[in-house]
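Chemist: Here it is: the structure, laid out below.
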Amino acid sequence: MHNEEIIIKNASHTVTEEETGSNESLYRLSYRVNDAFREGKSHAAEVMMLCTYAPDEEYGSEDGMPYIAVQCDDPVYCAAEQYKETGSFEGALDIVPLSGRFLFMARMRYYEYMMYFYAFDRCGGYWENNGLCLVYPEEYAGTENEKKLMSILDEAAESYREELISKGSSVPADPVTSPSGAAGSSVMKTVAETASVIRKVRFWAKIALLIGILAFLAFGRIRDHFSVHHLVQLRGDEEIISEFTPEEEQKVLDAFDVKIPANETGARLSSFMHKRMNEKVSSYVIEIDGVEDYDAFFRANSGRSLGQSVNEADTRQNRKKYFITYNEHFADDEEYRRKHDISGADAEIEKLFSELSSGT
């Protein structure tokens, strides 16, 4: 399919989705896309409003390629965050600053694919460093197919809209209406006493609600602290190991040539997984959480050239502790390896994963 000519239809349609912003405000998001792209469902939390290239189909598919979507995964988030700080980002092949809704548009390599995207903050700025993205095969780079696909994304970006449907809810105090007429003071006294009771009830109700919210947040933090975090996009077919002895953890880190600096006392290996990227490429991934300074962590592992990312959700929330992923891609097909500059199967990592999976 990657060698086929991209078809552009003569019509387009609107893709819509509703999303919450600050204080539970509700937004309706939309963009128009060429009819060669059809809507598909994505099970990844990082991918929204997905449309895949399917000119002859009624619906798109989750693994369809090329695809257009709103994304908030690590590569997009880090590119936008770095652009805000420096005016560019590492790995940008082309970058054009923009004004208005979008920060910039750019091209970059995206794993074994290419990505052309518009970076922006979504839902009135609540969801930071997102992208309206086009992902397509690397073989299309510099071809007419790439130009066609980029023009389709340009039109989608031009039509992108956010409509505030409802603001965050609030509960205003009900006014007490003063009675009039000859009933006079006795009625006013009764109303005043009733209002006093109502105010007390409301006061204690608010206190109870506040205590409930604090308890809920505390429970959520405790649950989140002890739960397993997965920082990479999961499809449901991955093999995942999440418990390690100190000796096993060191073996995995050595196999990936990753060193945890001595000052990162809270950093730990949280998972080791195996996932198939496609029929030719396999990926082994490790996830590390609790890192205090991810820039220093990457410098300590500067000998590695691939697989560096930081979990955008955590950096946006507290900017203190970071999650980090490292990955290694391996291809079974020799010609594919040579063409895409991907390593052959690593016997040590494969054997280690097999041993830890079986508990031997």
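In the structure tokens, each chain is lettered A, B, ... as it comes, each chain's residues begin at 1, and ligands are numbered from 1 in order of appearance.
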So which residues touch segment 82-96 of chain A within 8 Å, counting only C-alpha atoms, skipping near sequence neighbours fewer than 5 positions away, as a PDB file with C-alpha atoms, in the first residue's frame?
Modeler:
```
ATOM      1  CA  PHE A 104       4.026  26.172  14.812  1.00  0.00           C
ATOM      2  CA  MET A 105       3.847  23.555  12.104  1.00  0.00           C
ATOM      3  CA  ALA A 106       6.718  21.125  11.615  1.00  0.00           C
ATOM      4  CA  ARG A 107       7.936  17.829  10.238  1.00  0.00           C
ATOM      5  CA  MET A 108       9.914  15.247  12.195  1.00  0.00           C
ATOM      6  CA  ARG A 109      10.697  11.565  12.263  1.00  0.00           C
TER       7      ARG A 109
END
```
Chemist: Using only C-alpha atoms, which residues sit within 8 Å of segment 156-163 of chain A once same-chain residues fewer than 6 positions away are excluded, as a ChimeraX atom specification?
Modeler: /A:27-33,118,123,132
Chemist: Can you spit out the residues from that selection as a PDB file, in the first residue's frame, using all heavy atoms?
Modeler:
```
ATOM      1  N   TYR A  27     -16.135  21.396  25.878  1.00  0.00           N
ATOM      2  CA  TYR A  27     -15.841  21.960  24.559  1.00  0.00           C
ATOM      3  C   TYR A  27     -16.248  20.976  23.468  1.00  0.00           C
ATOM      4  O   TYR A  27     -16.147  19.752  23.640  1.00  0.00           O
ATOM      5  CB  TYR A  27     -14.346  22.244  24.413  1.00  0.00           C
ATOM      6  CG  TYR A  27     -13.840  23.402  25.230  1.00  0.00           C
ATOM      7  CD1 TYR A  27     -13.541  23.244  26.589  1.00  0.00           C
ATOM      8  CD2 TYR A  27     -13.643  24.652  24.661  1.00  0.00           C
ATOM      9  CE1 TYR A  27     -13.065  24.304  27.344  1.00  0.00           C
ATOM     10  CE2 TYR A  27     -13.161  25.716  25.409  1.00  0.00           C
ATOM     11  CZ  TYR A  27     -12.870  25.534  26.741  1.00  0.00           C
ATOM     12  OH  TYR A  27     -12.397  26.579  27.476  1.00  0.00           O
ATOM     13  N   ARG A  28     -16.681  21.519  22.337  1.00  0.00           N
ATOM     14  CA  ARG A  28     -16.884  20.715  21.135  1.00  0.00           C
ATOM     15  C   ARG A  28     -15.752  21.036  20.166  1.00  0.00           C
ATOM     16  O   ARG A  28     -15.594  22.176  19.723  1.00  0.00           O
ATOM     17  CB  ARG A  28     -18.237  20.997  20.483  1.00  0.00           C
ATOM     18  CG  ARG A  28     -18.452  20.146  19.209  1.00  0.00           C
ATOM     19  CD  ARG A  28     -19.809  20.396  18.566  1.00  0.00           C
ATOM     20  NE  ARG A  28     -20.896  19.921  19.408  1.00  0.00           N
ATOM     21  CZ  ARG A  28     -21.781  20.713  19.993  1.00  0.00           C
ATOM     22  NH1 ARG A  28     -21.692  22.041  19.849  1.00  0.00           N
ATOM     23  NH2 ARG A  28     -22.749  20.217  20.751  1.00  0.00           N
ATOM     24  N   LEU A  29     -14.923  20.026  19.844  1.00  0.00           N
ATOM     25  CA  LEU A  29     -13.798  20.186  18.943  1.00  0.00           C
ATOM     26  C   LEU A  29     -14.185  19.660  17.565  1.00  0.00           C
ATOM     27  O   LEU A  29     -14.916  18.665  17.457  1.00  0.00           O
ATOM     28  CB  LEU A  29     -12.583  19.416  19.449  1.00  0.00           C
ATOM     29  CG  LEU A  29     -12.270  19.526  20.944  1.00  0.00           C
ATOM     30  CD1 LEU A  29     -11.035  18.713  21.280  1.00  0.00           C
ATOM     31  CD2 LEU A  29     -12.088  20.970  21.349  1.00  0.00           C
ATOM     32  N   SER A  30     -13.702  20.296  16.520  1.00  0.00           N
ATOM     33  CA  SER A  30     -14.049  19.832  15.170  1.00  0.00           C
ATOM     34  C   SER A  30     -12.978  20.244  14.168  1.00  0.00           C
ATOM     35  O   SER A  30     -12.270  21.229  14.369  1.00  0.00           O
ATOM     36  CB  SER A  30     -15.407  20.403  14.742  1.00  0.00           C
ATOM     37  OG  SER A  30     -15.346  21.807  14.577  1.00  0.00           O
ATOM     38  N   TYR A  31     -12.850  19.460  13.123  1.00  0.00           N
ATOM     39  CA  TYR A  31     -12.072  19.873  11.952  1.00  0.00           C
ATOM     40  C   TYR A  31     -12.638  19.151  10.734  1.00  0.00           C
ATOM     41  O   TYR A  31     -13.276  18.091  10.846  1.00  0.00           O
ATOM     42  CB  TYR A  31     -10.577  19.576  12.131  1.00  0.00           C
ATOM     43  CG  TYR A  31     -10.196  18.109  12.226  1.00  0.00           C
ATOM     44  CD1 TYR A  31     -10.038  17.311  11.089  1.00  0.00           C
ATOM     45  CD2 TYR A  31      -9.958  17.507  13.458  1.00  0.00           C
ATOM     46  CE1 TYR A  31      -9.659  15.984  11.179  1.00  0.00           C
ATOM     47  CE2 TYR A  31      -9.577  16.180  13.565  1.00  0.00           C
ATOM     48  CZ  TYR A  31      -9.430  15.418  12.415  1.00  0.00           C
ATOM     49  OH  TYR A  31      -9.070  14.096  12.504  1.00  0.00           O
ATOM     50  N   ARG A  32     -12.442  19.729   9.576  1.00  0.00           N
ATOM     51  CA  ARG A  32     -12.881  19.113   8.322  1.00  0.00           C
ATOM     52  C   ARG A  32     -11.717  18.366   7.702  1.00  0.00           C
ATOM     53  O   ARG A  32     -10.570  18.828   7.742  1.00  0.00           O
ATOM     54  CB  ARG A  32     -13.426  20.162   7.348  1.00  0.00           C
ATOM     55  CG  ARG A  32     -14.723  20.797   7.832  1.00  0.00           C
ATOM     56  CD  ARG A  32     -15.387  21.617   6.731  1.00  0.00           C
ATOM     57  NE  ARG A  32     -15.794  20.794   5.590  1.00  0.00           N
ATOM     58  CZ  ARG A  32     -16.893  20.035   5.561  1.00  0.00           C
ATOM     59  NH1 ARG A  32     -17.691  19.979   6.636  1.00  0.00           N
ATOM     60  NH2 ARG A  32     -17.185  19.318   4.506  1.00  0.00           N
ATOM     61  N   VAL A  33     -12.015  17.193   7.161  1.00  0.00           N
ATOM     62  CA  VAL A  33     -10.973  16.367   6.571  1.00  0.00           C
ATOM     63  C   VAL A  33     -11.471  15.792   5.256  1.00  0.00           C
ATOM     64  O   VAL A  33     -12.676  15.545   5.081  1.00  0.00           O
ATOM     65  CB  VAL A  33     -10.549  15.238   7.544  1.00  0.00           C
ATOM     66  CG1 VAL A  33     -11.682  14.235   7.733  1.00  0.00           C
ATOM     67  CG2 VAL A  33      -9.287  14.542   7.065  1.00  0.00           C
ATOM     68  N   TYR A 118       0.683  20.291  13.527  1.00  0.00           N
ATOM     69  CA  TYR A 118       0.469  21.630  14.044  1.00  0.00           C
ATOM     70  C   TYR A 118       0.386  21.524  15.565  1.00  0.00           C
ATOM     71  O   TYR A 118      -0.460  20.791  16.081  1.00  0.00           O
ATOM     72  CB  TYR A 118      -0.840  22.216  13.509  1.00  0.00           C
ATOM     73  CG  TYR A 118      -0.800  22.664  12.066  1.00  0.00           C
ATOM     74  CD1 TYR A 118      -0.771  21.748  11.022  1.00  0.00           C
ATOM     75  CD2 TYR A 118      -0.821  24.020  11.749  1.00  0.00           C
ATOM     76  CE1 TYR A 118      -0.754  22.160   9.695  1.00  0.00           C
ATOM     77  CE2 TYR A 118      -0.802  24.444  10.422  1.00  0.00           C
ATOM     78  CZ  TYR A 118      -0.771  23.514   9.405  1.00  0.00           C
ATOM     79  OH  TYR A 118      -0.756  23.933   8.092  1.00  0.00           O
ATOM     80  N   CYS A 123      -8.544  23.019  24.277  1.00  0.00           N
ATOM     81  CA  CYS A 123      -9.607  23.333  25.239  1.00  0.00           C
ATOM     82  C   CYS A 123      -9.289  24.596  26.039  1.00  0.00           C
ATOM     83  O   CYS A 123      -9.207  24.582  27.267  1.00  0.00           O
ATOM     84  CB  CYS A 123      -9.870  22.142  26.161  1.00  0.00           C
ATOM     85  SG  CYS A 123     -10.569  20.715  25.319  1.00  0.00           S
ATOM     86  N   LEU A 132      -2.191  18.574  16.114  1.00  0.00           N
ATOM     87  CA  LEU A 132      -3.034  18.042  15.049  1.00  0.00           C
ATOM     88  C   LEU A 132      -2.067  17.424  14.064  1.00  0.00           C
ATOM     89  O   LEU A 132      -1.321  18.123  13.378  1.00  0.00           O
ATOM     90  CB  LEU A 132      -3.863  19.154  14.410  1.00  0.00           C
ATOM     91  CG  LEU A 132      -4.774  18.733  13.252  1.00  0.00           C
ATOM     92  CD1 LEU A 132      -5.771  17.655  13.678  1.00  0.00           C
ATOM     93  CD2 LEU A 132      -5.507  19.937  12.675  1.00  0.00           C
TER      94      LEU A 132
END
```
Chemist: Between atom CA of Asp121 of chain A and atom CA of Leu103 of chain A, measure the distance and give it in Å to one decimal.
Modeler: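 Atom-to-atom, atom CA of Asp121 of chain A to atom CA of Leu103 of chain A, that is 8.4 Å.
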Chemist: Using only C-alpha atoms, which of the listed residues (A:Glu292, A:Glu248, A:Glu112, A:Glu18) sits closest to Leu356 of chain A?
Modeler: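 Closest candidate: A:Glu248.
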Chemist: What does the structure give for the distance between atom CA of Phe272 of chain A and atom CA of Tyr110 of chain A, in Å to one decimal?
Modeler: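 Interatomic distance here is 21.7 Å.
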